[in-house]
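This report concerns only the one structure given below.
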Amino acid sequence: MSDAIPFLAPRADVLARRSQIVADLTDLLPPECLVHEARELVPFETDAFVSYRRLPLAVALPRTTAEVSAVMRYCHRYGVPVVPRGAGTSLSGGAIPQEDAVVLGLSKMNRILEIDLPNRVAVVQAGVTNLNISESVSADGFFYAPDPSSQLACTIGGNIGMNSGGAHCLKYGVTTNNLLGVRMVLVDGTVIELGGKALDAGGYDLLGLVCGHEGQLGIVTEATVRLIAKPEGARPVLFGFESSEEAGACVADVIAAGIIPVAIEFMDKPAIEICEAFAHAGYPHDVGALLIVEVEGSEAEMEAMLKDVVDIARNHGVKTVRECQSATEAALIWKGRKSAFGATGRIADYICMDGTVPLSQLSHVLKKTAEIVDHYGLRVANVFHAGDGNMHPLILFNANDPDDAARAEAAGNDILKLCVDAGGCLTGEHGVGIEKRDLMRHQYSEADLAQQMAVRAAFDPGWLLNPSKVFPLEGRPAA
(Lines give C-alpha, C1' and ligand atoms only; values in the text may rest on other atoms or scores of the structure.)
Protein backbone atom coordinates (compact mmCIF):
# COMPACT_ATOMS: atom_id res chain seq x y z
CA MET A 1 0.00 0.00 0.00
CA SER A 2 1.27 3.47 -0.85
CA ASP A 3 1.65 5.94 2.01
CA ALA A 4 2.25 9.04 -0.12
CA ILE A 5 -1.16 10.58 0.61
CA PRO A 6 -1.71 10.99 4.37
CA PHE A 7 -4.99 10.56 6.22
CA LEU A 8 -6.07 12.29 9.39
CA ALA A 9 -4.90 10.52 12.51
CA PRO A 10 -7.72 8.36 13.94
CA ARG A 11 -9.49 9.81 16.94
CA ALA A 12 -8.09 7.90 19.90
CA ASP A 13 -11.22 8.35 21.99
CA VAL A 14 -13.35 6.80 19.25
CA LEU A 15 -11.02 3.83 18.82
CA ALA A 16 -11.09 3.25 22.57
CA ARG A 17 -14.91 3.02 22.47
CA ARG A 18 -15.14 0.72 19.46
CA SER A 19 -16.88 -2.14 21.29
CA GLN A 20 -19.48 0.19 22.79
CA ILE A 21 -20.08 1.91 19.42
CA VAL A 22 -20.66 -1.44 17.73
CA ALA A 23 -23.00 -2.50 20.52
CA ASP A 24 -24.96 0.75 20.23
CA LEU A 25 -25.24 0.42 16.44
CA THR A 26 -26.49 -3.13 16.95
CA ASP A 27 -29.41 -1.65 18.86
CA LEU A 28 -30.15 0.76 15.99
CA LEU A 29 -29.94 -1.66 13.06
CA PRO A 30 -30.95 -5.28 12.39
CA PRO A 31 -28.07 -7.81 12.21
CA GLU A 32 -28.04 -7.93 8.40
CA CYS A 33 -27.52 -4.17 8.29
CA LEU A 34 -24.33 -3.99 10.36
CA VAL A 35 -20.85 -5.32 9.53
CA HIS A 36 -18.18 -5.26 12.23
CA GLU A 37 -16.11 -8.47 12.14
CA ALA A 38 -12.61 -7.79 10.80
CA ARG A 39 -12.74 -10.25 7.89
CA GLU A 40 -16.16 -8.94 6.83
CA LEU A 41 -14.86 -5.36 6.79
CA VAL A 42 -12.21 -6.10 4.16
CA PRO A 43 -14.48 -5.52 1.11
CA PHE A 44 -15.06 -1.98 2.40
CA GLU A 45 -11.41 -1.04 2.99
CA THR A 46 -11.01 0.72 -0.37
CA ASP A 47 -12.85 1.80 -3.50
CA ALA A 48 -11.70 1.88 -7.15
CA PHE A 49 -8.67 3.94 -6.07
CA VAL A 50 -7.10 0.74 -4.81
CA SER A 51 -3.64 2.04 -3.92
CA TYR A 52 -4.95 3.11 -0.50
CA ARG A 53 -6.73 0.97 2.09
CA ARG A 54 -8.06 1.42 5.61
CA LEU A 55 -10.29 -0.92 7.61
CA PRO A 56 -13.28 1.00 8.98
CA LEU A 57 -14.54 0.75 12.54
CA ALA A 58 -17.83 -0.70 11.29
CA VAL A 59 -20.14 -0.62 8.26
CA ALA A 60 -23.79 0.40 8.54
CA LEU A 61 -26.08 -0.65 5.70
CA PRO A 62 -29.42 1.06 6.43
CA ARG A 63 -32.57 0.33 4.42
CA THR A 64 -34.50 3.57 5.00
CA THR A 65 -33.98 7.28 5.49
CA ALA A 66 -35.11 6.81 9.11
CA GLU A 67 -32.32 4.29 9.74
CA VAL A 68 -29.77 6.62 8.11
CA SER A 69 -31.01 9.40 10.38
CA ALA A 70 -30.68 7.22 13.48
CA VAL A 71 -27.09 6.28 12.63
CA MET A 72 -26.14 9.87 11.84
CA ARG A 73 -27.74 11.16 15.05
CA TYR A 74 -25.79 8.63 17.11
CA CYS A 75 -22.44 9.28 15.38
CA HIS A 76 -22.88 13.03 15.72
CA ARG A 77 -23.70 12.76 19.41
CA TYR A 78 -20.59 10.70 20.16
CA GLY A 79 -18.16 12.31 17.70
CA VAL A 80 -17.78 9.32 15.38
CA PRO A 81 -16.67 10.13 11.80
CA VAL A 82 -18.85 8.80 8.96
CA VAL A 83 -17.73 7.90 5.41
CA PRO A 84 -20.61 7.64 2.92
CA ARG A 85 -20.36 4.88 0.32
CA GLY A 86 -22.36 4.10 -2.80
CA ALA A 87 -21.07 1.26 -4.97
CA GLY A 88 -17.40 1.94 -4.21
CA THR A 89 -16.57 2.84 -7.84
CA SER A 90 -14.90 6.15 -6.92
CA LEU A 91 -11.63 6.62 -8.83
CA SER A 92 -10.40 9.40 -6.52
CA GLY A 93 -10.59 7.57 -3.19
CA GLY A 94 -13.81 9.29 -2.19
CA ALA A 95 -15.16 6.26 -0.32
CA ILE A 96 -11.95 5.01 1.33
CA PRO A 97 -12.64 4.80 5.09
CA GLN A 98 -10.44 5.35 8.10
CA GLU A 99 -9.99 3.32 11.27
CA ASP A 100 -12.19 5.51 13.49
CA ALA A 101 -15.03 5.88 10.96
CA VAL A 102 -18.33 4.15 10.38
CA VAL A 103 -18.88 3.53 6.67
CA LEU A 104 -22.49 4.29 5.82
CA GLY A 105 -23.31 2.27 2.71
CA LEU A 106 -26.51 2.77 0.74
CA SER A 107 -26.54 -0.48 -1.23
CA LYS A 108 -29.71 -1.73 0.49
CA MET A 109 -31.60 1.43 -0.47
CA ASN A 110 -32.07 0.29 -4.06
CA ARG A 111 -35.75 0.84 -4.87
CA ILE A 112 -37.27 2.97 -7.59
CA LEU A 113 -40.01 4.76 -5.66
CA GLU A 114 -41.94 6.48 -8.44
CA ILE A 115 -41.94 6.83 -12.21
CA ASP A 116 -43.89 9.96 -13.21
CA LEU A 117 -43.91 10.03 -17.01
CA PRO A 118 -46.32 12.97 -17.40
CA ASN A 119 -43.83 15.11 -15.45
CA ARG A 120 -40.85 13.21 -16.90
CA VAL A 121 -39.25 12.46 -13.53
CA ALA A 122 -38.28 9.46 -11.45
CA VAL A 123 -37.91 9.32 -7.67
CA VAL A 124 -35.32 6.76 -6.58
CA GLN A 125 -33.43 5.70 -3.49
CA ALA A 126 -29.75 6.58 -3.51
CA GLY A 127 -28.60 2.97 -3.92
CA VAL A 128 -30.32 2.52 -7.30
CA THR A 129 -27.79 1.98 -10.09
CA ASN A 130 -27.47 4.56 -12.81
CA LEU A 131 -28.35 2.12 -15.60
CA ASN A 132 -31.36 0.74 -13.74
CA ILE A 133 -33.20 4.04 -14.13
CA SER A 134 -32.90 4.00 -17.92
CA GLU A 135 -33.83 0.33 -18.07
CA SER A 136 -36.97 0.94 -15.99
CA VAL A 137 -38.33 3.53 -18.45
CA SER A 138 -36.86 2.34 -21.74
CA ALA A 139 -40.01 0.53 -22.85
CA ASP A 140 -41.92 3.79 -22.47
CA GLY A 141 -39.47 5.68 -24.68
CA PHE A 142 -37.47 7.50 -22.02
CA PHE A 143 -33.98 7.37 -20.51
CA TYR A 144 -31.81 8.96 -17.81
CA ALA A 145 -29.09 10.93 -19.57
CA PRO A 146 -25.89 10.81 -17.43
CA ASP A 147 -24.08 7.58 -18.34
CA PRO A 148 -20.71 7.04 -16.62
CA SER A 149 -18.68 4.09 -17.89
CA SER A 150 -19.42 2.41 -14.56
CA GLN A 151 -23.18 2.92 -14.96
CA LEU A 152 -23.86 -0.80 -14.60
CA ALA A 153 -22.59 -0.61 -11.00
CA CYS A 154 -22.40 3.01 -9.85
CA THR A 155 -25.32 4.39 -7.87
CA ILE A 156 -27.25 7.63 -7.99
CA GLY A 157 -26.07 8.64 -4.51
CA GLY A 158 -22.45 8.37 -5.63
CA ASN A 159 -23.23 10.15 -8.91
CA ILE A 160 -24.69 13.06 -6.93
CA GLY A 161 -21.70 13.10 -4.59
CA MET A 162 -19.24 13.40 -7.50
CA ASN A 163 -21.48 15.18 -10.05
CA SER A 164 -20.78 12.36 -12.50
CA GLY A 165 -21.08 12.73 -16.25
CA GLY A 166 -20.53 10.23 -19.03
CA ALA A 167 -20.21 9.95 -22.77
CA HIS A 168 -23.48 11.74 -23.55
CA CYS A 169 -22.98 14.67 -21.18
CA LEU A 170 -21.89 16.88 -24.08
CA LYS A 171 -25.51 17.38 -25.14
CA TYR A 172 -27.48 16.42 -22.04
CA GLY A 173 -25.25 17.64 -19.23
CA VAL A 174 -23.87 15.94 -16.12
CA THR A 175 -25.71 14.94 -12.95
CA THR A 176 -26.38 18.49 -11.78
CA ASN A 177 -28.23 19.23 -15.05
CA ASN A 178 -30.50 16.22 -14.55
CA LEU A 179 -31.14 16.41 -10.79
CA LEU A 180 -34.34 18.07 -9.57
CA GLY A 181 -34.47 17.21 -5.89
CA VAL A 182 -33.00 15.22 -3.01
CA ARG A 183 -33.90 13.98 0.42
CA MET A 184 -30.81 14.36 2.57
CA VAL A 185 -29.84 13.52 6.14
CA LEU A 186 -27.64 16.13 7.80
CA VAL A 187 -24.76 15.31 10.13
CA ASP A 188 -26.99 15.55 13.23
CA GLY A 189 -29.68 13.27 11.78
CA THR A 190 -32.02 16.03 10.59
CA VAL A 191 -33.84 15.11 7.37
CA ILE A 192 -34.30 17.86 4.78
CA GLU A 193 -35.88 18.10 1.32
CA LEU A 194 -34.26 20.16 -1.42
CA GLY A 195 -35.96 20.82 -4.75
CA GLY A 196 -38.66 18.50 -6.09
CA LYS A 197 -40.44 17.75 -9.33
CA ALA A 198 -40.48 21.37 -10.50
CA LEU A 199 -37.73 22.48 -12.88
CA ASP A 200 -36.61 25.17 -10.46
CA ALA A 201 -37.21 25.47 -6.72
CA GLY A 202 -37.55 28.72 -4.79
CA GLY A 203 -34.86 30.10 -2.50
CA TYR A 204 -31.11 29.58 -2.59
CA ASP A 205 -29.77 26.90 -4.93
CA LEU A 206 -28.78 24.50 -2.16
CA LEU A 207 -29.37 21.61 -4.56
CA GLY A 208 -26.57 22.94 -6.75
CA LEU A 209 -24.35 23.06 -3.68
CA VAL A 210 -25.17 19.49 -2.71
CA CYS A 211 -24.49 18.03 -6.16
CA GLY A 212 -20.75 17.43 -6.09
CA HIS A 213 -20.34 17.69 -2.31
CA GLU A 214 -18.41 14.38 -2.09
CA GLY A 215 -20.33 13.22 0.97
CA GLN A 216 -19.25 16.16 3.14
CA LEU A 217 -22.53 18.04 3.56
CA GLY A 218 -24.90 15.18 4.34
CA ILE A 219 -26.14 11.78 3.18
CA VAL A 220 -28.45 11.83 0.15
CA THR A 221 -31.01 9.02 0.56
CA GLU A 222 -33.46 9.78 -2.27
CA ALA A 223 -33.24 11.69 -5.54
CA THR A 224 -35.70 13.11 -8.05
CA VAL A 225 -34.18 13.00 -11.53
CA ARG A 226 -35.20 14.12 -15.01
CA LEU A 227 -36.29 11.62 -17.64
CA ILE A 228 -35.70 12.45 -21.29
CA ALA A 229 -37.55 11.16 -24.33
CA LYS A 230 -35.47 8.92 -26.57
CA PRO A 231 -34.40 10.57 -29.82
CA GLU A 232 -35.91 9.54 -33.14
CA GLY A 233 -32.60 8.02 -34.15
CA ALA A 234 -28.93 7.90 -33.11
CA ARG A 235 -25.81 7.05 -35.08
CA PRO A 236 -22.19 6.77 -33.89
CA VAL A 237 -19.48 7.38 -36.50
CA LEU A 238 -15.78 6.50 -36.24
CA PHE A 239 -13.20 9.09 -37.36
CA GLY A 240 -9.56 7.98 -37.55
CA PHE A 241 -6.65 10.46 -37.54
CA GLU A 242 -2.90 10.23 -37.98
CA SER A 243 -2.20 11.77 -34.57
CA SER A 244 -3.80 12.74 -31.27
CA GLU A 245 -3.04 16.39 -31.96
CA GLU A 246 -5.03 16.31 -35.22
CA ALA A 247 -7.97 14.61 -33.51
CA GLY A 248 -7.89 17.16 -30.69
CA ALA A 249 -7.82 20.07 -33.15
CA CYS A 250 -10.79 18.57 -34.99
CA VAL A 251 -12.82 18.42 -31.76
CA ALA A 252 -12.06 22.07 -31.01
CA ASP A 253 -13.16 23.14 -34.49
CA VAL A 254 -16.39 21.10 -34.36
CA ILE A 255 -17.47 22.80 -31.13
CA ALA A 256 -16.24 26.21 -32.32
CA ALA A 257 -18.49 25.81 -35.37
CA GLY A 258 -21.51 25.55 -33.06
CA ILE A 259 -22.05 21.85 -33.77
CA ILE A 260 -23.12 19.91 -30.67
CA PRO A 261 -23.29 16.15 -31.30
CA VAL A 262 -24.68 14.02 -28.51
CA ALA A 263 -21.16 12.69 -27.81
CA ILE A 264 -17.55 13.07 -28.94
CA GLU A 265 -15.29 10.42 -27.43
CA PHE A 266 -11.52 10.20 -27.94
CA MET A 267 -9.09 7.25 -27.97
CA ASP A 268 -5.39 7.32 -28.80
CA LYS A 269 -3.57 4.38 -30.37
CA PRO A 270 -2.78 2.50 -27.12
CA ALA A 271 -6.41 2.82 -26.02
CA ILE A 272 -7.68 1.70 -29.45
CA GLU A 273 -5.54 -1.44 -29.30
CA ILE A 274 -6.55 -2.24 -25.72
CA CYS A 275 -10.29 -1.77 -26.33
CA GLU A 276 -10.31 -3.56 -29.69
CA ALA A 277 -8.55 -6.62 -28.23
CA PHE A 278 -11.30 -6.83 -25.60
CA ALA A 279 -14.50 -5.80 -27.40
CA HIS A 280 -13.70 -6.58 -31.08
CA ALA A 281 -15.64 -3.45 -31.99
CA GLY A 282 -14.05 -3.02 -35.40
CA TYR A 283 -11.87 -0.03 -34.50
CA PRO A 284 -9.25 0.78 -37.18
CA HIS A 285 -5.68 -0.28 -36.36
CA ASP A 286 -3.89 2.04 -38.81
CA VAL A 287 -4.66 5.34 -37.05
CA GLY A 288 -3.00 7.26 -34.24
CA ALA A 289 -6.24 8.48 -32.70
CA LEU A 290 -9.95 7.82 -32.97
CA LEU A 291 -13.06 9.91 -32.38
CA ILE A 292 -16.49 8.40 -31.78
CA VAL A 293 -18.95 11.10 -32.79
CA GLU A 294 -22.60 10.28 -32.16
CA VAL A 295 -25.38 12.33 -33.70
CA GLU A 296 -29.10 11.97 -33.15
CA GLY A 297 -32.44 13.17 -34.47
CA SER A 298 -34.28 12.50 -37.73
CA GLU A 299 -32.44 11.02 -40.71
CA ALA A 300 -32.24 14.46 -42.31
CA GLU A 301 -30.89 16.05 -39.12
CA MET A 302 -28.27 13.36 -38.65
CA GLU A 303 -27.14 13.55 -42.28
CA ALA A 304 -26.79 17.34 -42.15
CA MET A 305 -24.80 17.30 -38.91
CA LEU A 306 -22.54 14.47 -40.09
CA LYS A 307 -21.79 16.31 -43.32
CA ASP A 308 -20.59 19.32 -41.35
CA VAL A 309 -18.48 17.17 -39.02
CA VAL A 310 -16.93 15.25 -41.94
CA ASP A 311 -16.02 18.52 -43.69
CA ILE A 312 -14.21 19.74 -40.57
CA ALA A 313 -12.50 16.36 -40.09
CA ARG A 314 -11.16 16.49 -43.65
CA ASN A 315 -9.49 19.80 -42.83
CA HIS A 316 -7.52 17.86 -40.21
CA GLY A 317 -6.43 15.01 -42.48
CA VAL A 318 -8.96 12.40 -41.35
CA LYS A 319 -7.90 8.94 -42.60
CA THR A 320 -11.02 6.93 -41.79
CA VAL A 321 -14.72 7.77 -41.64
CA ARG A 322 -17.02 4.85 -40.87
CA GLU A 323 -20.69 5.05 -40.08
CA CYS A 324 -22.27 2.16 -38.20
CA GLN A 325 -24.73 0.20 -40.35
CA SER A 326 -26.80 -1.52 -37.67
CA ALA A 327 -27.86 -1.37 -34.04
CA THR A 328 -25.50 -4.27 -33.32
CA GLU A 329 -22.54 -2.38 -34.77
CA ALA A 330 -23.48 0.74 -32.80
CA ALA A 331 -23.68 -1.30 -29.59
CA LEU A 332 -20.21 -2.75 -30.27
CA ILE A 333 -18.73 0.69 -30.84
CA TRP A 334 -20.01 1.82 -27.45
CA LYS A 335 -19.09 -1.46 -25.77
CA GLY A 336 -15.48 -0.85 -26.71
CA ARG A 337 -15.53 2.68 -25.30
CA LYS A 338 -17.38 1.86 -22.09
CA SER A 339 -15.13 -1.16 -21.47
CA ALA A 340 -11.96 0.93 -21.68
CA PHE A 341 -11.15 1.00 -17.97
CA GLY A 342 -11.83 -2.70 -17.44
CA ALA A 343 -10.01 -3.67 -20.63
CA THR A 344 -6.96 -1.68 -19.56
CA GLY A 345 -6.95 -3.48 -16.24
CA ARG A 346 -6.39 -6.75 -18.11
CA ILE A 347 -2.95 -5.65 -19.27
CA ALA A 348 -1.61 -3.43 -16.49
CA ASP A 349 -2.34 -1.60 -13.28
CA TYR A 350 -3.30 2.01 -13.91
CA ILE A 351 -4.46 5.22 -12.36
CA CYS A 352 -7.12 7.21 -14.19
CA MET A 353 -6.78 10.99 -14.13
CA ASP A 354 -9.73 13.35 -14.51
CA GLY A 355 -8.63 16.85 -15.46
CA THR A 356 -10.55 19.20 -17.74
CA VAL A 357 -9.13 21.65 -20.27
CA PRO A 358 -10.47 24.27 -22.66
CA LEU A 359 -10.95 22.69 -26.08
CA SER A 360 -8.56 25.19 -27.62
CA GLN A 361 -5.84 23.67 -25.42
CA LEU A 362 -6.68 20.02 -26.10
CA SER A 363 -3.94 19.32 -28.66
CA HIS A 364 -1.33 21.07 -26.51
CA VAL A 365 -2.32 19.17 -23.36
CA LEU A 366 -2.34 15.82 -25.16
CA LYS A 367 1.19 16.46 -26.45
CA LYS A 368 2.46 17.56 -23.03
CA THR A 369 0.74 14.61 -21.33
CA ALA A 370 2.70 12.21 -23.51
CA GLU A 371 5.91 14.06 -22.66
CA ILE A 372 5.19 13.97 -18.92
CA VAL A 373 4.48 10.25 -18.85
CA ASP A 374 7.52 9.50 -21.03
CA HIS A 375 9.67 11.56 -18.64
CA TYR A 376 8.68 9.21 -15.81
CA GLY A 377 9.43 6.12 -17.93
CA LEU A 378 5.80 4.99 -18.03
CA ARG A 379 3.07 4.42 -20.64
CA VAL A 380 -0.26 6.17 -21.08
CA ALA A 381 -3.52 5.35 -22.84
CA ASN A 382 -5.88 8.29 -23.43
CA VAL A 383 -9.62 7.74 -23.58
CA PHE A 384 -11.95 10.55 -22.63
CA HIS A 385 -14.95 12.82 -23.22
CA ALA A 386 -13.39 15.09 -25.84
CA GLY A 387 -16.45 17.23 -26.49
CA ASP A 388 -16.26 18.95 -23.10
CA GLY A 389 -12.51 18.60 -22.58
CA ASN A 390 -12.78 16.05 -19.75
CA MET A 391 -9.52 14.11 -20.04
CA HIS A 392 -8.97 10.60 -18.68
CA PRO A 393 -5.34 9.60 -19.29
CA LEU A 394 -4.74 6.08 -17.94
CA ILE A 395 -1.19 5.91 -16.57
CA LEU A 396 0.02 2.30 -16.73
CA PHE A 397 2.35 0.98 -14.02
CA ASN A 398 3.18 -2.03 -11.84
CA ALA A 399 1.38 -1.76 -8.50
CA ASN A 400 3.78 -4.32 -6.98
CA ASP A 401 6.73 -1.99 -7.59
CA PRO A 402 6.69 0.89 -5.06
CA ASP A 403 8.97 3.01 -7.25
CA ASP A 404 6.71 2.46 -10.26
CA ALA A 405 3.66 3.43 -8.19
CA ALA A 406 5.36 6.59 -6.90
CA ARG A 407 6.33 7.63 -10.43
CA ALA A 408 2.76 7.03 -11.63
CA GLU A 409 1.34 9.26 -8.89
CA ALA A 410 3.93 11.95 -9.64
CA ALA A 411 3.11 11.82 -13.36
CA GLY A 412 -0.60 12.09 -12.56
CA ASN A 413 -0.02 15.13 -10.36
CA ASP A 414 1.97 16.82 -13.11
CA ILE A 415 -0.81 16.14 -15.64
CA LEU A 416 -3.44 17.65 -13.35
CA LYS A 417 -1.27 20.73 -12.79
CA LEU A 418 -0.92 20.97 -16.57
CA CYS A 419 -4.71 20.95 -16.92
CA VAL A 420 -5.08 23.79 -14.41
CA ASP A 421 -2.26 25.79 -15.99
CA ALA A 422 -3.94 25.41 -19.39
CA GLY A 423 -7.08 27.07 -18.00
CA GLY A 424 -8.92 23.95 -16.89
CA CYS A 425 -9.51 22.34 -13.50
CA LEU A 426 -8.56 19.35 -11.37
CA THR A 427 -11.68 17.27 -11.89
CA GLY A 428 -14.51 16.88 -14.34
CA GLU A 429 -16.53 14.07 -12.81
CA HIS A 430 -14.43 11.83 -10.54
CA GLY A 431 -14.21 14.29 -7.67
CA VAL A 432 -11.27 15.37 -5.53
CA GLY A 433 -11.35 12.62 -2.89
CA ILE A 434 -7.89 12.02 -1.50
CA GLU A 435 -6.26 11.79 -4.93
CA LYS A 436 -6.39 15.51 -5.76
CA ARG A 437 -6.78 16.89 -2.23
CA ASP A 438 -3.23 18.20 -1.96
CA LEU A 439 -3.41 19.78 -5.42
CA MET A 440 -6.30 22.04 -4.41
CA ARG A 441 -3.81 24.82 -3.62
CA HIS A 442 -2.56 24.66 -7.21
CA GLN A 443 -6.02 25.68 -8.41
CA TYR A 444 -7.37 27.81 -5.55
CA SER A 445 -5.97 30.64 -3.47
CA GLU A 446 -5.99 30.45 0.32
CA ALA A 447 -8.97 32.83 0.36
CA ASP A 448 -10.87 30.59 -2.07
CA LEU A 449 -10.18 27.49 0.04
CA ALA A 450 -11.11 29.26 3.27
CA GLN A 451 -14.48 30.24 1.79
CA GLN A 452 -15.17 26.71 0.57
CA MET A 453 -14.23 25.25 3.94
CA ALA A 454 -16.48 27.74 5.70
CA VAL A 455 -19.44 26.53 3.62
CA ARG A 456 -18.55 22.93 4.42
CA ALA A 457 -18.24 23.70 8.13
CA ALA A 458 -21.68 25.35 8.11
CA PHE A 459 -23.15 21.91 7.41
CA ASP A 460 -20.69 19.91 9.54
CA PRO A 461 -18.89 22.03 12.17
CA GLY A 462 -17.12 19.00 13.66
CA TRP A 463 -15.81 17.77 10.29
CA LEU A 464 -17.22 14.30 10.91
CA LEU A 465 -18.38 13.60 7.35
CA ASN A 466 -15.70 12.13 5.04
CA PRO A 467 -13.10 14.09 6.98
CA SER A 468 -9.86 13.20 5.16
CA LYS A 469 -11.18 14.18 1.73
CA VAL A 470 -11.25 17.18 -0.63
CA PHE A 471 -9.47 19.89 1.41
CA PRO A 472 -5.77 19.96 2.36
CA LEU A 473 -5.28 18.72 5.90
CA GLU A 474 -3.24 21.80 6.83
CA GLY A 475 -5.12 25.04 7.34
CA ARG A 476 -8.50 23.58 8.18
CA PRO A 477 -10.58 25.32 10.84
CA ALA A 478 -10.48 23.63 14.24
CA ALA A 479 -13.29 21.10 14.61
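Letters A, B, ... mark the chains of the C-alpha coordinates in the order given; residue numbers begin at 1 per chain; ligand numbers begin at 1, in order shown.
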Residues of segment 376-412 of chain A at most 12 Å from segment 419-424 of chain A: nearest atom pair and distance in Å, only C-alpha atoms, as CSV:
residue,atom,partner,partner_atom,distance
A:Asp388,CA,A:Gly424,CA,10.8
A:Gly389,CA,A:Gly424,CA,8.6
A:Asn390,CA,A:Gly424,CA,9.2
A:Met391,CA,A:Cys419,CA,8.9
A:His392,CA,A:Cys419,CA,11.3
A:Pro393,CA,A:Cys419,CA,11.6
A:Gly412,CA,A:Cys419,CA,10.7
For the selection you just gave me, I'd like the residues written to a file as an mmCIF file, in the first residue's frame, keeping all heavy atoms.
data_model
loop_
_atom_site.group_PDB
_atom_site.id
_atom_site.type_symbol
_atom_site.label_atom_id
_atom_site.label_comp_id
_atom_site.auth_asym_id
_atom_site.auth_seq_id
_atom_site.Cartn_x
_atom_site.Cartn_y
_atom_site.Cartn_z
ATOM 1 N N ASP A 388 -16.283 17.930 -24.163
ATOM 2 C CA ASP A 388 -16.261 18.946 -23.104
ATOM 3 C C ASP A 388 -14.890 19.013 -22.419
ATOM 4 O O ASP A 388 -14.761 19.562 -21.324
ATOM 5 C CB ASP A 388 -17.373 18.703 -22.082
ATOM 6 C CG ASP A 388 -17.262 17.363 -21.393
ATOM 7 O OD1 ASP A 388 -16.414 16.554 -21.809
ATOM 8 O OD2 ASP A 388 -18.018 17.105 -20.443
ATOM 9 N N GLY A 389 -13.871 18.456 -23.071
ATOM 10 C CA GLY A 389 -12.507 18.599 -22.577
ATOM 11 C C GLY A 389 -12.211 17.861 -21.296
ATOM 12 O O GLY A 389 -11.265 18.203 -20.585
ATOM 13 N N ASN A 390 -12.988 16.825 -20.977
ATOM 14 C CA ASN A 390 -12.782 16.050 -19.746
ATOM 15 C C ASN A 390 -11.844 14.883 -20.035
ATOM 16 O O ASN A 390 -12.238 13.860 -20.563
ATOM 17 C CB ASN A 390 -14.124 15.548 -19.229
ATOM 18 C CG ASN A 390 -14.046 14.897 -17.867
ATOM 19 O OD1 ASN A 390 -15.027 14.359 -17.385
ATOM 20 N ND2 ASN A 390 -12.892 14.921 -17.217
ATOM 21 N N MET A 391 -10.565 15.080 -19.690
ATOM 22 C CA MET A 391 -9.525 14.107 -20.038
ATOM 23 C C MET A 391 -9.437 12.980 -19.021
ATOM 24 O O MET A 391 -9.599 13.202 -17.825
ATOM 25 C CB MET A 391 -8.176 14.813 -20.148
ATOM 26 C CG MET A 391 -8.123 15.857 -21.242
ATOM 27 S SD MET A 391 -6.468 16.522 -21.437
ATOM 28 C CE MET A 391 -5.560 15.052 -21.925
ATOM 29 N N HIS A 392 -9.157 11.768 -19.536
ATOM 30 C CA HIS A 392 -8.970 10.598 -18.678
ATOM 31 C C HIS A 392 -7.727 9.814 -19.097
ATOM 32 O O HIS A 392 -7.819 8.668 -19.538
ATOM 33 C CB HIS A 392 -10.187 9.669 -18.738
ATOM 34 C CG HIS A 392 -11.432 10.226 -18.158
ATOM 35 N ND1 HIS A 392 -11.458 10.940 -16.983
ATOM 36 C CD2 HIS A 392 -12.718 10.179 -18.581
ATOM 37 C CE1 HIS A 392 -12.698 11.298 -16.709
ATOM 38 N NE2 HIS A 392 -13.482 10.865 -17.667
ATOM 39 N N PRO A 393 -6.529 10.390 -18.979
ATOM 40 C CA PRO A 393 -5.336 9.597 -19.286
ATOM 41 C C PRO A 393 -5.174 8.458 -18.281
ATOM 42 O O PRO A 393 -5.276 8.673 -17.064
ATOM 43 C CB PRO A 393 -4.196 10.611 -19.173
ATOM 44 C CG PRO A 393 -4.741 11.748 -18.387
ATOM 45 C CD PRO A 393 -6.209 11.771 -18.598
ATOM 46 N N GLY A 412 0.785 11.661 -12.628
ATOM 47 C CA GLY A 412 -0.604 12.086 -12.556
ATOM 48 C C GLY A 412 -0.741 13.485 -11.985
ATOM 49 O O GLY A 412 -1.527 14.308 -12.499
#
Exercise. What residues in segment 229-462 of chain A get the DSSP label alpha helix (DSSP H)? Please answer as a PyMOL selection string.
Worked result: chain A and resi 244-256+269-279+299-314+327-338+340-345+362-375+402-421+440-443+446-459
For this session: Could you check which of A:His442, A:Arg437, A:His430, A:Arg379 is closest to Glu474 of chain A, using only C-alpha atoms?
Result: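 Looking at the shortest contact to Glu474 of chain A, the residue is A:Arg437.
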Exercise. Restricting the calculation to only C-alpha atoms, which member of A:Ala16, A:Val187, A:Ala279, A:Ala145 is positioned closest to Lys335 of chain A?
Worked result: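 Nearest candidate to Lys335 of chain A out of A:Ala16, A:Val187, A:Ala279, A:Ala145: A:Ala279.
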Exercise. What does the distance between atom CA of Gly127 of chain A and atom CA of Gly79 of chain A come to in Å, to one decimal place?
Worked result: 25.8 Å
